[in-house]
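Q: This is the structure I have questions about; it appears just below.
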2 protein chains.
Amino acid sequence: MKKITIKDIAKAMGYSIGTISKALSNSHEISPVTKVEIQKFANEHGYQSNQYAKLLRKGRTNIIGMIVPSIGNPFFSQILEGIEREMSETTYNLIIMQSADDPKLELKHLEMLSKKGADAVVIAATGNHLSLRYLQRLKDEGTPIVLIDRTNYAINTYKIGIDNFKVVYQGISQLVNRGKRKILFISNLSPGTSMERRRGYIQCLRDFDIAYNSDYLLSIATNSGRMEVLEQLKNKLIHLVNSSSPPEAIFTASDQLTYLTLEALHAIGIAVPDHLALIGFANFQYTNIFQPSLSSIVQPSHEIGSQAFAILSKILDSSDNEILAAYQNIELQASILTRKSSE
Amino acid sequence: MKKITIKDIAKAMGYSIGTISKALSNSHEISPVTKVEIQKFANEHGYQSNQYAKLLRKGRTNIIGMIVPSIGNPFFSQILEGIEREMSETTYNLIIMQSADDPKLELKHLEMLSKKGADAVVIAATGNHLSLRYLQRLKDEGTPIVLIDRTNYAINTYKIGIDNFKVVYQGISQLVNRGKRKILFISNLSPGTSMERRRGYIQCLRDFDIAYNSDYLLSIATNSGRMEVLEQLKNKLIHLVNSSSPPEAIFTASDQLTYLTLEALHAIGIAVPDHLALIGFANFQYTNIFQPSLSSIVQPSHEIGSQAFAILSKILDSSDNEILAAYQNIELQASILTRKSSE
DNA sequence: CTGAAAGCGCTTACAG
DNA sequence: CTGAAAGCGCTTACAG
């Protein structure tokens with residue numbers, strides 16, 4: 001059952017290679033009768049065009065490169081789901097790579113994608129300046145770039161994320177409305193999102209006339225191992241809880257930090273919400289079976305993925321690979337599931 | 001900053017195209033001096049070979065196709081992580097597709113992979129006979145196939161999973177040793193794993209001299225929506241709990257069923273483990289923050305991925321794409337994390 | 001409406 | 001040790 005080519009069809013049917021090619025791509029140059037005849041023959045013999053010959057000829061690869069910190073993180077795996085569902089039956093190919101939030105690895109992956117001739121790149125970037133410069137260069141060379149999740153970077157391109165300021169503001173408001181005034185804010189170091197999230201926190205406190213306390217602003221590097229991050233959190237939390245002014249609530253500004261903070265609180269024996277309320281970013285589908293059921297900020301992860309693909313396919317499908325009128329910064333709506341952990 | 005080709009180098013250096021090609025692939029035909037000179041020039045000018053021209057010439061695509069039920073399921077996303085880490089800096093390309101455990105979609109994806117000319121396929125198959133037949137055909141045509149997770153199918157190829165019988169036997173033993181004799185076993189319909197898991201359950205009961213009760217053997221189709229599965233579970237559980245012989249423990253034989261069963265138990269107000277103990281398959285990294293902390297069967301998901309790639313790269317890298325001596329059925333070790341839910 | 005020919009970027013027998 | 005030439009499977013001006 002060897003693969004059949006245009007040449008085979010041409011020989012079998014007594015047409016030239018060019019005619020077969022044109023008939024199969026439905027060219028108007030070919031007479032309807034011949035076209036039908038050829039297409040029928042091709043179908044019956046299971047002809048499938050060789051993508052690589054096509055792409056070589058057209059100078060394209062149809063590869064969309066994607067870099068995320070970790071596929072195992074449900075937030076990113078859901079984004080991936082969203083892309084895959086749209087893409088699977090197209091001729092595009094997705095290549096996925098994990099940066100582990102390591103700038104060096106990220107840069108290596110970008111170089112690899114360039115080497116593989118990726119026609120577009122989707123990335124949740126670490127924010128490392130070398131990577132950003134590389135992205136800028138790719139963009140200048142004509143490769144469309146879509147920044148997802150972490151969008152607050154000074155590069156003028158397509159961006160898809162959420163309104164970080166707003167959803168954090170809402171989350172903090174909830175805590176305040178439940179009588180919490182001493183709110184610990186824990187975020188990671190990603191400049192792509194943490195600025196806006198922190199701004200939401202600070203502005204909300206200000207609007208509620210709550211004094212700002214720098215001890216309540218915690219930044220944790222999450223690209224070290226899980227155990228290390230957990231230890232750090234435990235130490236910080238023990239310290240704060242035993243301080244003269246212990247926090248009454250925690251807001252965690254990333255999925256991983258939410259899970260690890262909850263784990264740390266369990267480990268050091270602090271009851272949630274009795275002792276300390278908690279609300280945080282979390283996209284795992286089953287946060288309602290957490291101890292306690294978790295008040296979660298949920299992002300439209302699937303939609304982030306599907307929109308990224310929508311934008312790219314629009315650009316790549318346009319004959320001259322033209323960049324759309326204006327770069328868009330799409331801010332989708334995140335939602336808050338209020339549950340026991342913040343009661 | 002246009003891409004530079006072999007032709008460009010040939011023109012610039014005054015060598016023929018063939019010589020450049022051979023020098024870059026380190027052929028012994030070329031004199032060491034010339035080779036160094038050419039390689040240096042290529043490096044300095046950022047030459048990157050066009051994979052597609054290469055593959056077209058060699059009749060290969062270097063595409064590895066992968067089909068899993070759902071990328072969002074942490075178990076499968078971890079397998080993906082395992083593959084990606086090994087593969088990212090190679091010239092192989094992974095194409096991922098989701099079957100949603102839908103046989104029709106699975107078959108469509110397989111056809112797509114064949115159309116794209118995948119050089120190999122990695123699949124957690126539904127077990128649908130049309131798909132299995134298609135896989136068999138691909139295999140017969142020379143495409144290496146690796147079955148992951150669901151390995152109990154009558155197709156003679158590479159298989160990577162766990163010793164399902166053994167780990168279930170151990171899990172059930174734990175429950176029995178804690179005094180439970182009425183154990184409800186909930187599994188999905190996948191023939192690739194559920195047979196062996198069920199066998200472990202039944203054999204364990206037998207060895208402990210516990211009467212087998214068919215009411216305690218529950219099979220749930222998990223490819224309908226999440227809410228639907230949840231409803232089913234709630235109904236079944238309410239019925240059983242109120243029966244004349246209510247179960248004392250539950251063993252859930254898939255990740256999704258574990259989460260949903262716990263959710264169902266919460267919803268209908270059954271306390272775990274006080275009222276009913278629970279132990280189940282679960283690969284989410286943070287099952288210790290569940291309510292209660294979950295006794296989990298954890299599979300070596302990353303290793304399943306990395307081994308799949310290891311096998312394939314070995315086959316595909318061998319010049320004649322030869323199938324290795326014998327097909328292997330690799331059974332990795334799963335582990336049991338015993339925690340509060342089964343106390 | 002159909003065909004002959006060039007070429008995408010590469011590799012590899014075959015000569016010399 | 002180096003080069004000329006054919007060919008992987010396709011598309012597309014250009015002729016006729």
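For the structure tokens, the naming scheme is as follows: chains receive sequential letters (A, B, ...) according to their order of presentation, residues are indexed from 1 within each chain, and ligands are indexed from 1 in presentation order.
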Which residues of chain D are close to chain A, meaning at most 7 Å apart when you count only C-alpha atoms (C1' of nucleotides), and how do they look as a count of residues only?

A: 3

Q: Near C:DA4, within 12 Å and counting only C-alpha atoms (C1' of nucleotides), which residues show up once chain neighbours fewer than 3 positions away are dropped, as a ChimeraX atom specification?

A: /A:16-19 /D:13-16

Q: Generate the output file for the selected residues, all heavy atoms, as an mmCIF file, in the first residue's frame.

A:
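Saved the output as part_34.cif:
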```
data_model
loop_
_atom_site.group_PDB
_atom_site.id
_atom_site.type_symbol
_atom_site.label_atom_id
_atom_site.label_comp_id
_atom_site.auth_asym_id
_atom_site.auth_seq_id
_atom_site.Cartn_x
_atom_site.Cartn_y
_atom_site.Cartn_z
ATOM 1 N N SER A 16 -0.578 15.104 -17.964
ATOM 2 C CA SER A 16 0.715 15.569 -17.470
ATOM 3 C C SER A 16 0.622 15.842 -15.972
ATOM 4 O O SER A 16 -0.471 16.003 -15.416
ATOM 5 C CB SER A 16 1.111 16.859 -18.177
ATOM 6 O OG SER A 16 0.348 17.925 -17.667
ATOM 7 N N ILE A 17 1.784 15.888 -15.362
ATOM 8 C CA ILE A 17 1.848 16.157 -13.927
ATOM 9 C C ILE A 17 1.181 17.488 -13.579
ATOM 10 O O ILE A 17 0.424 17.592 -12.612
ATOM 11 C CB ILE A 17 3.329 16.166 -13.474
ATOM 12 C CG1 ILE A 17 3.879 14.735 -13.501
ATOM 13 C CG2 ILE A 17 3.462 16.771 -12.086
ATOM 14 C CD1 ILE A 17 5.336 14.643 -13.122
ATOM 15 N N GLY A 18 1.459 18.496 -14.388
ATOM 16 C CA GLY A 18 0.894 19.819 -14.131
ATOM 17 C C GLY A 18 -0.621 19.798 -14.141
ATOM 18 O O GLY A 18 -1.261 20.407 -13.274
ATOM 19 N N THR A 19 -1.181 19.099 -15.100
ATOM 20 C CA THR A 19 -2.640 19.027 -15.184
ATOM 21 C C THR A 19 -3.229 18.385 -13.934
ATOM 22 O O THR A 19 -4.211 18.863 -13.373
ATOM 23 C CB THR A 19 -3.053 18.210 -16.427
ATOM 24 O OG1 THR A 19 -2.491 18.848 -17.568
ATOM 25 C CG2 THR A 19 -4.555 18.146 -16.552
ATOM 26 P P DA D 13 2.621 32.194 -10.919
ATOM 27 O OP1 DA D 13 3.791 32.971 -10.453
ATOM 28 O OP2 DA D 13 1.345 32.247 -10.220
ATOM 29 O "O5'" DA D 13 2.354 32.563 -12.437
ATOM 30 C "C5'" DA D 13 3.078 33.601 -12.997
ATOM 31 C "C4'" DA D 13 4.349 33.122 -13.646
ATOM 32 O "O4'" DA D 13 4.459 31.689 -13.541
ATOM 33 C "C3'" DA D 13 4.421 33.469 -15.129
ATOM 34 O "O3'" DA D 13 5.696 33.969 -15.461
ATOM 35 C "C2'" DA D 13 4.137 32.148 -15.837
ATOM 36 C "C1'" DA D 13 4.550 31.096 -14.819
ATOM 37 N N9 DA D 13 3.650 29.938 -14.844
ATOM 38 C C8 DA D 13 2.396 29.838 -14.306
ATOM 39 N N7 DA D 13 1.837 28.653 -14.469
ATOM 40 C C5 DA D 13 2.787 27.928 -15.157
ATOM 41 C C6 DA D 13 2.815 26.612 -15.635
ATOM 42 N N6 DA D 13 1.795 25.755 -15.469
ATOM 43 N N1 DA D 13 3.913 26.211 -16.278
ATOM 44 C C2 DA D 13 4.935 27.074 -16.430
ATOM 45 N N3 DA D 13 5.036 28.335 -16.018
ATOM 46 C C4 DA D 13 3.915 28.699 -15.387
ATOM 47 P P DC D 14 5.708 34.859 -16.858
ATOM 48 O OP1 DC D 14 7.015 35.560 -16.867
ATOM 49 O OP2 DC D 14 4.434 35.599 -16.980
ATOM 50 O "O5'" DC D 14 5.704 33.722 -17.987
ATOM 51 C "C5'" DC D 14 6.755 32.783 -18.022
ATOM 52 C "C4'" DC D 14 6.487 31.790 -19.129
ATOM 53 O "O4'" DC D 14 5.560 30.777 -18.649
ATOM 54 C "C3'" DC D 14 5.825 32.415 -20.365
ATOM 55 O "O3'" DC D 14 6.660 32.205 -21.496
ATOM 56 C "C2'" DC D 14 4.493 31.697 -20.497
ATOM 57 C "C1'" DC D 14 4.748 30.403 -19.725
ATOM 58 N N1 DC D 14 3.527 29.756 -19.160
ATOM 59 C C2 DC D 14 3.315 28.389 -19.381
ATOM 60 O O2 DC D 14 4.157 27.744 -20.025
ATOM 61 N N3 DC D 14 2.191 27.796 -18.870
ATOM 62 C C4 DC D 14 1.322 28.528 -18.181
ATOM 63 N N4 DC D 14 0.250 27.900 -17.691
ATOM 64 C C5 DC D 14 1.513 29.916 -17.937
ATOM 65 C C6 DC D 14 2.609 30.490 -18.449
ATOM 66 P P DA D 15 6.380 33.018 -22.822
ATOM 67 O OP1 DA D 15 7.611 33.729 -23.177
ATOM 68 O OP2 DA D 15 5.095 33.752 -22.728
ATOM 69 O "O5'" DA D 15 6.192 31.814 -23.838
ATOM 70 C "C5'" DA D 15 5.298 30.796 -23.466
ATOM 71 C "C4'" DA D 15 5.586 29.538 -24.242
ATOM 72 O "O4'" DA D 15 4.806 28.493 -23.626
ATOM 73 C "C3'" DA D 15 5.090 29.604 -25.690
ATOM 74 O "O3'" DA D 15 5.759 28.624 -26.457
ATOM 75 C "C2'" DA D 15 3.613 29.303 -25.525
ATOM 76 C "C1'" DA D 15 3.610 28.302 -24.349
ATOM 77 N N9 DA D 15 2.496 28.512 -23.402
ATOM 78 C C8 DA D 15 2.144 29.678 -22.756
ATOM 79 N N7 DA D 15 1.088 29.547 -21.974
ATOM 80 C C5 DA D 15 0.743 28.208 -22.099
ATOM 81 C C6 DA D 15 -0.280 27.432 -21.532
ATOM 82 N N6 DA D 15 -1.169 27.924 -20.668
ATOM 83 N N1 DA D 15 -0.357 26.130 -21.867
ATOM 84 C C2 DA D 15 0.557 25.639 -22.717
ATOM 85 N N3 DA D 15 1.563 26.256 -23.321
ATOM 86 C C4 DA D 15 1.596 27.559 -22.973
ATOM 87 P P DG D 16 5.410 28.517 -28.017
ATOM 88 O OP1 DG D 16 6.481 27.746 -28.672
ATOM 89 O OP2 DG D 16 5.057 29.874 -28.499
ATOM 90 O "O5'" DG D 16 4.078 27.649 -28.023
ATOM 91 C "C5'" DG D 16 4.161 26.228 -27.957
ATOM 92 C "C4'" DG D 16 2.765 25.692 -28.034
ATOM 93 O "O4'" DG D 16 2.013 26.205 -26.918
ATOM 94 C "C3'" DG D 16 1.996 26.108 -29.284
ATOM 95 O "O3'" DG D 16 1.530 24.946 -29.953
ATOM 96 C "C2'" DG D 16 0.850 26.954 -28.783
ATOM 97 C "C1'" DG D 16 0.693 26.413 -27.366
ATOM 98 N N9 DG D 16 0.000 27.293 -26.435
ATOM 99 C C8 DG D 16 0.246 28.621 -26.203
ATOM 100 N N7 DG D 16 -0.557 29.141 -25.305
ATOM 101 C C5 DG D 16 -1.387 28.079 -24.934
ATOM 102 C C6 DG D 16 -2.453 28.038 -24.012
ATOM 103 O O6 DG D 16 -2.897 28.947 -23.309
ATOM 104 N N1 DG D 16 -3.020 26.772 -23.942
ATOM 105 C C2 DG D 16 -2.613 25.682 -24.682
ATOM 106 N N2 DG D 16 -3.281 24.551 -24.482
ATOM 107 N N3 DG D 16 -1.615 25.707 -25.554
ATOM 108 C C4 DG D 16 -1.051 26.940 -25.627
#
```

Q: What are the residues of chain B lining chain A at 9 Å or less? Count only C-alpha atoms, and put the answer as a ChimeraX atom specification.

A: /B:1-2,48-53,55-56,61,70-81,84-85,87-91,93-98,108-109,112,115-117,141,259-260,262-263,266,284,286-293

Q: In Å, rounded to a single decimal, give me how far atom CA of A:Val168 is from atom CA of A:Gly200.

A: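 One can read the atom CA of A:Gly200 to atom CA of A:Val168 distance as 5.3 Å.
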
Q: Rounded to one decimal in Å, what is the spacing between atom CA of A:Asn213 and atom CA of A:Ile183?

A: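 So the answer is 9.1 Å.
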
Q: Residues of stretch 38-187 of chain A in helix (DSSP H, G or I) according to DSSP, as an mmCIF file with N, CA and C atoms, in the first residue's frame?

A:
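Printed below is out26.cif as written:
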```
data_model
loop_
_atom_site.group_PDB
_atom_site.id
_atom_site.type_symbol
_atom_site.label_atom_id
_atom_site.label_comp_id
_atom_site.auth_asym_id
_atom_site.auth_seq_id
_atom_site.Cartn_x
_atom_site.Cartn_y
_atom_site.Cartn_z
ATOM 1 N N ILE A 38 -10.273 13.335 -12.734
ATOM 2 C CA ILE A 38 -9.015 13.221 -11.996
ATOM 3 C C ILE A 38 -9.253 13.132 -10.492
ATOM 4 N N GLN A 39 -10.152 13.983 -10.003
ATOM 5 C CA GLN A 39 -10.416 13.974 -8.567
ATOM 6 C C GLN A 39 -10.997 12.634 -8.123
ATOM 7 N N LYS A 40 -11.823 12.088 -8.968
ATOM 8 C CA LYS A 40 -12.416 10.798 -8.641
ATOM 9 C C LYS A 40 -11.326 9.724 -8.553
ATOM 10 N N PHE A 41 -10.496 9.722 -9.556
ATOM 11 C CA PHE A 41 -9.398 8.745 -9.566
ATOM 12 C C PHE A 41 -8.527 8.878 -8.321
ATOM 13 N N ALA A 42 -8.195 10.137 -7.990
ATOM 14 C CA ALA A 42 -7.337 10.385 -6.835
ATOM 15 C C ALA A 42 -7.989 9.857 -5.559
ATOM 16 N N ASN A 43 -9.259 10.164 -5.419
ATOM 17 C CA ASN A 43 -9.982 9.692 -4.236
ATOM 18 C C ASN A 43 -9.982 8.183 -4.129
ATOM 19 N N GLU A 44 -10.329 7.569 -5.230
ATOM 20 C CA GLU A 44 -10.440 6.115 -5.223
ATOM 21 C C GLU A 44 -9.119 5.427 -4.911
ATOM 22 N N GLN A 51 2.666 16.969 2.143
ATOM 23 C CA GLN A 51 2.693 18.323 2.706
ATOM 24 C C GLN A 51 4.054 18.977 2.538
ATOM 25 N N TYR A 52 5.091 18.171 2.649
ATOM 26 C CA TYR A 52 6.424 18.764 2.711
ATOM 27 C C TYR A 52 6.902 19.246 1.353
ATOM 28 N N ALA A 53 6.497 18.544 0.338
ATOM 29 C CA ALA A 53 6.825 19.011 -1.006
ATOM 30 C C ALA A 53 6.099 20.331 -1.250
ATOM 31 N N LYS A 54 4.840 20.346 -0.851
ATOM 32 C CA LYS A 54 4.026 21.548 -1.001
ATOM 33 C C LYS A 54 4.661 22.725 -0.275
ATOM 34 N N LEU A 55 5.000 22.463 0.991
ATOM 35 C CA LEU A 55 5.523 23.544 1.824
ATOM 36 C C LEU A 55 6.889 24.000 1.333
ATOM 37 N N LEU A 56 7.687 23.042 0.882
ATOM 38 C CA LEU A 56 9.015 23.385 0.357
ATOM 39 C C LEU A 56 8.846 24.332 -0.820
ATOM 40 N N ARG A 57 7.923 23.958 -1.657
ATOM 41 C CA ARG A 57 7.649 24.775 -2.835
ATOM 42 C C ARG A 57 7.167 26.174 -2.453
ATOM 43 N N LYS A 58 6.328 26.217 -1.435
ATOM 44 C CA LYS A 58 5.737 27.498 -1.039
ATOM 45 C C LYS A 58 6.578 28.254 -0.017
ATOM 46 N N PRO A 74 -2.249 22.585 35.004
ATOM 47 C CA PRO A 74 -3.568 22.513 34.367
ATOM 48 C C PRO A 74 -3.952 23.767 33.580
ATOM 49 N N PHE A 75 -3.537 24.921 34.063
ATOM 50 C CA PHE A 75 -3.874 26.140 33.321
ATOM 51 C C PHE A 75 -3.323 26.062 31.905
ATOM 52 N N PHE A 76 -2.065 25.707 31.767
ATOM 53 C CA PHE A 76 -1.470 25.656 30.442
ATOM 54 C C PHE A 76 -1.959 24.453 29.632
ATOM 55 N N SER A 77 -2.213 23.347 30.312
ATOM 56 C CA SER A 77 -2.690 22.195 29.550
ATOM 57 C C SER A 77 -4.088 22.485 29.001
ATOM 58 N N GLN A 78 -4.845 23.320 29.709
ATOM 59 C CA GLN A 78 -6.165 23.672 29.197
ATOM 60 C C GLN A 78 -6.060 24.628 27.991
ATOM 61 N N ILE A 79 -5.096 25.517 28.049
ATOM 62 C CA ILE A 79 -4.863 26.389 26.890
ATOM 63 C C ILE A 79 -4.522 25.521 25.673
ATOM 64 N N LEU A 80 -3.658 24.569 25.923
ATOM 65 C CA LEU A 80 -3.273 23.611 24.887
ATOM 66 C C LEU A 80 -4.483 22.875 24.330
ATOM 67 N N GLU A 81 -5.344 22.421 25.218
ATOM 68 C CA GLU A 81 -6.578 21.764 24.782
ATOM 69 C C GLU A 81 -7.344 22.652 23.819
ATOM 70 N N GLY A 82 -7.448 23.919 24.212
ATOM 71 C CA GLY A 82 -8.186 24.876 23.394
ATOM 72 C C GLY A 82 -7.590 25.019 22.006
ATOM 73 N N ILE A 83 -6.289 25.076 21.921
ATOM 74 C CA ILE A 83 -5.629 25.178 20.617
ATOM 75 C C ILE A 83 -5.814 23.896 19.829
ATOM 76 N N GLU A 84 -5.564 22.792 20.484
ATOM 77 C CA GLU A 84 -5.582 21.511 19.775
ATOM 78 C C GLU A 84 -6.935 21.245 19.123
ATOM 79 N N ARG A 85 -7.997 21.530 19.861
ATOM 80 C CA ARG A 85 -9.332 21.240 19.329
ATOM 81 C C ARG A 85 -9.583 21.961 18.016
ATOM 82 N N GLU A 86 -9.090 23.186 17.925
ATOM 83 C CA GLU A 86 -9.291 23.963 16.707
ATOM 84 C C GLU A 86 -8.368 23.478 15.590
ATOM 85 N N MET A 87 -7.200 23.056 15.992
ATOM 86 C CA MET A 87 -6.144 22.844 15.011
ATOM 87 C C MET A 87 -6.073 21.441 14.441
ATOM 88 N N PRO A 103 14.903 31.142 31.666
ATOM 89 C CA PRO A 103 15.182 31.998 30.504
ATOM 90 C C PRO A 103 16.119 31.344 29.499
ATOM 91 N N LYS A 104 17.110 30.622 29.983
ATOM 92 C CA LYS A 104 18.063 29.994 29.056
ATOM 93 C C LYS A 104 17.387 28.935 28.205
ATOM 94 N N LEU A 105 16.559 28.133 28.861
ATOM 95 C CA LEU A 105 15.847 27.082 28.137
ATOM 96 C C LEU A 105 14.871 27.716 27.148
ATOM 97 N N GLU A 106 14.237 28.774 27.595
ATOM 98 C CA GLU A 106 13.289 29.471 26.725
ATOM 99 C C GLU A 106 13.976 29.951 25.444
ATOM 100 N N LEU A 107 15.130 30.549 25.622
ATOM 101 C CA LEU A 107 15.859 31.068 24.468
ATOM 102 C C LEU A 107 16.282 29.926 23.536
ATOM 103 N N LYS A 108 16.718 28.829 24.128
ATOM 104 C CA LYS A 108 17.107 27.660 23.339
ATOM 105 C C LYS A 108 15.925 27.163 22.502
ATOM 106 N N HIS A 109 14.768 27.138 23.146
ATOM 107 C CA HIS A 109 13.574 26.679 22.442
ATOM 108 C C HIS A 109 13.225 27.633 21.293
ATOM 109 N N LEU A 110 13.338 28.919 21.547
ATOM 110 C CA LEU A 110 13.034 29.882 20.491
ATOM 111 C C LEU A 110 13.960 29.682 19.294
ATOM 112 N N GLU A 111 15.226 29.446 19.595
ATOM 113 C CA GLU A 111 16.180 29.213 18.517
ATOM 114 C C GLU A 111 15.809 27.948 17.750
ATOM 115 N N MET A 112 15.379 26.941 18.512
ATOM 116 C CA MET A 112 14.971 25.688 17.881
ATOM 117 C C MET A 112 13.766 25.913 16.972
ATOM 118 N N LEU A 113 12.832 26.682 17.452
ATOM 119 C CA LEU A 113 11.634 26.955 16.643
ATOM 120 C C LEU A 113 12.023 27.689 15.364
ATOM 121 N N SER A 114 12.947 28.629 15.494
ATOM 122 C CA SER A 114 13.390 29.351 14.315
ATOM 123 C C SER A 114 14.071 28.390 13.342
ATOM 124 N N LYS A 115 14.861 27.493 13.900
ATOM 125 C CA LYS A 115 15.569 26.507 13.093
ATOM 126 C C LYS A 115 14.590 25.597 12.353
ATOM 127 N N HIS A 129 14.936 39.451 28.944
ATOM 128 C CA HIS A 129 15.110 40.438 27.870
ATOM 129 C C HIS A 129 15.730 39.840 26.610
ATOM 130 N N LEU A 130 16.560 38.819 26.757
ATOM 131 C CA LEU A 130 17.133 38.191 25.564
ATOM 132 C C LEU A 130 16.050 37.499 24.741
ATOM 133 N N SER A 131 15.133 36.829 25.449
ATOM 134 C CA SER A 131 14.035 36.174 24.751
ATOM 135 C C SER A 131 13.136 37.198 24.075
ATOM 136 N N LEU A 132 12.864 38.277 24.793
ATOM 137 C CA LEU A 132 12.000 39.298 24.212
ATOM 138 C C LEU A 132 12.644 39.898 22.967
ATOM 139 N N ARG A 133 13.954 40.088 23.047
ATOM 140 C CA ARG A 133 14.652 40.628 21.885
ATOM 141 C C ARG A 133 14.567 39.648 20.713
ATOM 142 N N TYR A 134 14.709 38.365 21.036
ATOM 143 C CA TYR A 134 14.623 37.334 20.003
ATOM 144 C C TYR A 134 13.229 37.328 19.373
ATOM 145 N N LEU A 135 12.221 37.453 20.220
ATOM 146 C CA LEU A 135 10.844 37.491 19.714
ATOM 147 C C LEU A 135 10.659 38.696 18.794
ATOM 148 N N GLN A 136 11.201 39.811 19.225
ATOM 149 C CA GLN A 136 11.099 41.031 18.419
ATOM 150 C C GLN A 136 11.738 40.800 17.046
ATOM 151 N N ARG A 137 12.864 40.109 17.049
ATOM 152 C CA ARG A 137 13.561 39.862 15.790
ATOM 153 C C ARG A 137 12.736 38.953 14.880
ATOM 154 N N LEU A 138 12.195 37.881 15.487
ATOM 155 C CA LEU A 138 11.332 36.987 14.711
ATOM 156 C C LEU A 138 10.174 37.778 14.103
ATOM 157 N N LYS A 139 9.597 38.615 14.922
ATOM 158 C CA LYS A 139 8.469 39.427 14.460
ATOM 159 C C LYS A 139 8.896 40.324 13.302
ATOM 160 N N ASP A 140 10.044 40.958 13.459
ATOM 161 C CA ASP A 140 10.531 41.845 12.405
ATOM 162 C C ASP A 140 10.776 41.082 11.102
ATOM 163 N N ASN A 164 -6.129 41.432 34.443
ATOM 164 C CA ASN A 164 -5.556 41.030 35.730
ATOM 165 C C ASN A 164 -5.877 42.009 36.842
ATOM 166 N N PHE A 165 -5.767 43.284 36.506
ATOM 167 C CA PHE A 165 -6.053 44.309 37.507
ATOM 168 C C PHE A 165 -7.450 44.109 38.084
ATOM 169 N N LYS A 166 -8.393 43.965 37.175
ATOM 170 C CA LYS A 166 -9.795 43.918 37.581
ATOM 171 C C LYS A 166 -10.133 42.701 38.447
ATOM 172 N N VAL A 167 -9.680 41.537 38.008
ATOM 173 C CA VAL A 167 -10.102 40.343 38.734
ATOM 174 C C VAL A 167 -9.447 40.284 40.118
ATOM 175 N N VAL A 168 -8.231 40.782 40.213
ATOM 176 C CA VAL A 168 -7.601 40.818 41.533
ATOM 177 C C VAL A 168 -8.324 41.828 42.420
ATOM 178 N N TYR A 169 -8.642 42.952 41.823
ATOM 179 C CA TYR A 169 -9.380 43.978 42.567
ATOM 180 C C TYR A 169 -10.676 43.387 43.138
ATOM 181 N N GLN A 170 -11.368 42.632 42.311
ATOM 182 C CA GLN A 170 -12.620 42.003 42.756
ATOM 183 C C GLN A 170 -12.377 40.993 43.875
ATOM 184 N N GLY A 171 -11.335 40.204 43.703
ATOM 185 C CA GLY A 171 -11.026 39.184 44.711
ATOM 186 C C GLY A 171 -10.695 39.816 46.056
ATOM 187 N N ILE A 172 -9.866 40.840 46.004
ATOM 188 C CA ILE A 172 -9.485 41.514 47.247
ATOM 189 C C ILE A 172 -10.712 42.178 47.887
ATOM 190 N N SER A 173 -11.553 42.752 47.025
ATOM 191 C CA SER A 173 -12.779 43.387 47.532
ATOM 192 C C SER A 173 -13.608 42.400 48.336
ATOM 193 N N GLN A 174 -13.744 41.196 47.799
ATOM 194 C CA GLN A 174 -14.516 40.161 48.498
ATOM 195 C C GLN A 174 -13.965 39.935 49.893
ATOM 196 N N LEU A 175 -12.662 39.823 49.970
ATOM 197 C CA LEU A 175 -12.033 39.574 51.270
ATOM 198 C C LEU A 175 -12.306 40.736 52.223
ATOM 199 N N VAL A 176 -12.164 41.949 51.696
ATOM 200 C CA VAL A 176 -12.400 43.121 52.540
ATOM 201 C C VAL A 176 -13.851 43.140 53.014
ATOM 202 N N ASN A 177 -14.753 42.840 52.096
ATOM 203 C CA ASN A 177 -16.170 42.850 52.447
ATOM 204 C C ASN A 177 -16.524 41.797 53.496
#
```

Q: Please identify the strand (DSSP E or B) residues within stretch 89-324 of chain B (assignment by DSSP from backbone atoms) and present them as an MDAnalysis selection string.

A: chainID B and resid 93:98 120:123 145:148 158:162 183:188 217:220 249:252 277:281 290 295:298

Q: What's the separation between atom C1' of C:DG7 and atom C1' of D:DA5, in Å to one decimal place?

A: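 Atom-to-atom, atom C1' of C:DG7 to atom C1' of D:DA5, that is 14.8 Å.
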
Q: Can you tell me which residues surround A:Ile279 at a distance of at most 8 Å, considering only C-alpha atoms (C1' of nucleotides), apart from same-chain residues fewer than 3 positions away, and format the answer as JSON, numbers by chain?

A: {"A": [171, 250, 251, 252, 258, 294, 295, 296, 297, 341, 342]}

Q: Write the residues of the preceding selection, restricted to C-alpha atoms, as a compact mmCIF listing (two decimals), in the first residue's frame.

A:
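Result saved to part_33.txt:
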```
# COMPACT_ATOMS: atom_id res chain seq x y z
CA GLY A 171 -11.03 39.18 44.71
CA ILE A 250 -4.20 35.44 51.69
CA PHE A 251 -4.55 36.14 48.00
CA THR A 252 -2.36 33.95 45.79
CA THR A 258 -2.30 28.73 45.35
CA LEU A 294 -11.19 26.64 47.29
CA SER A 295 -12.32 30.12 46.35
CA SER A 296 -10.77 30.26 42.90
CA ILE A 297 -9.98 32.79 40.24
CA SER A 341 -11.76 28.88 51.79
CA SER A 342 -12.59 32.58 51.90
```
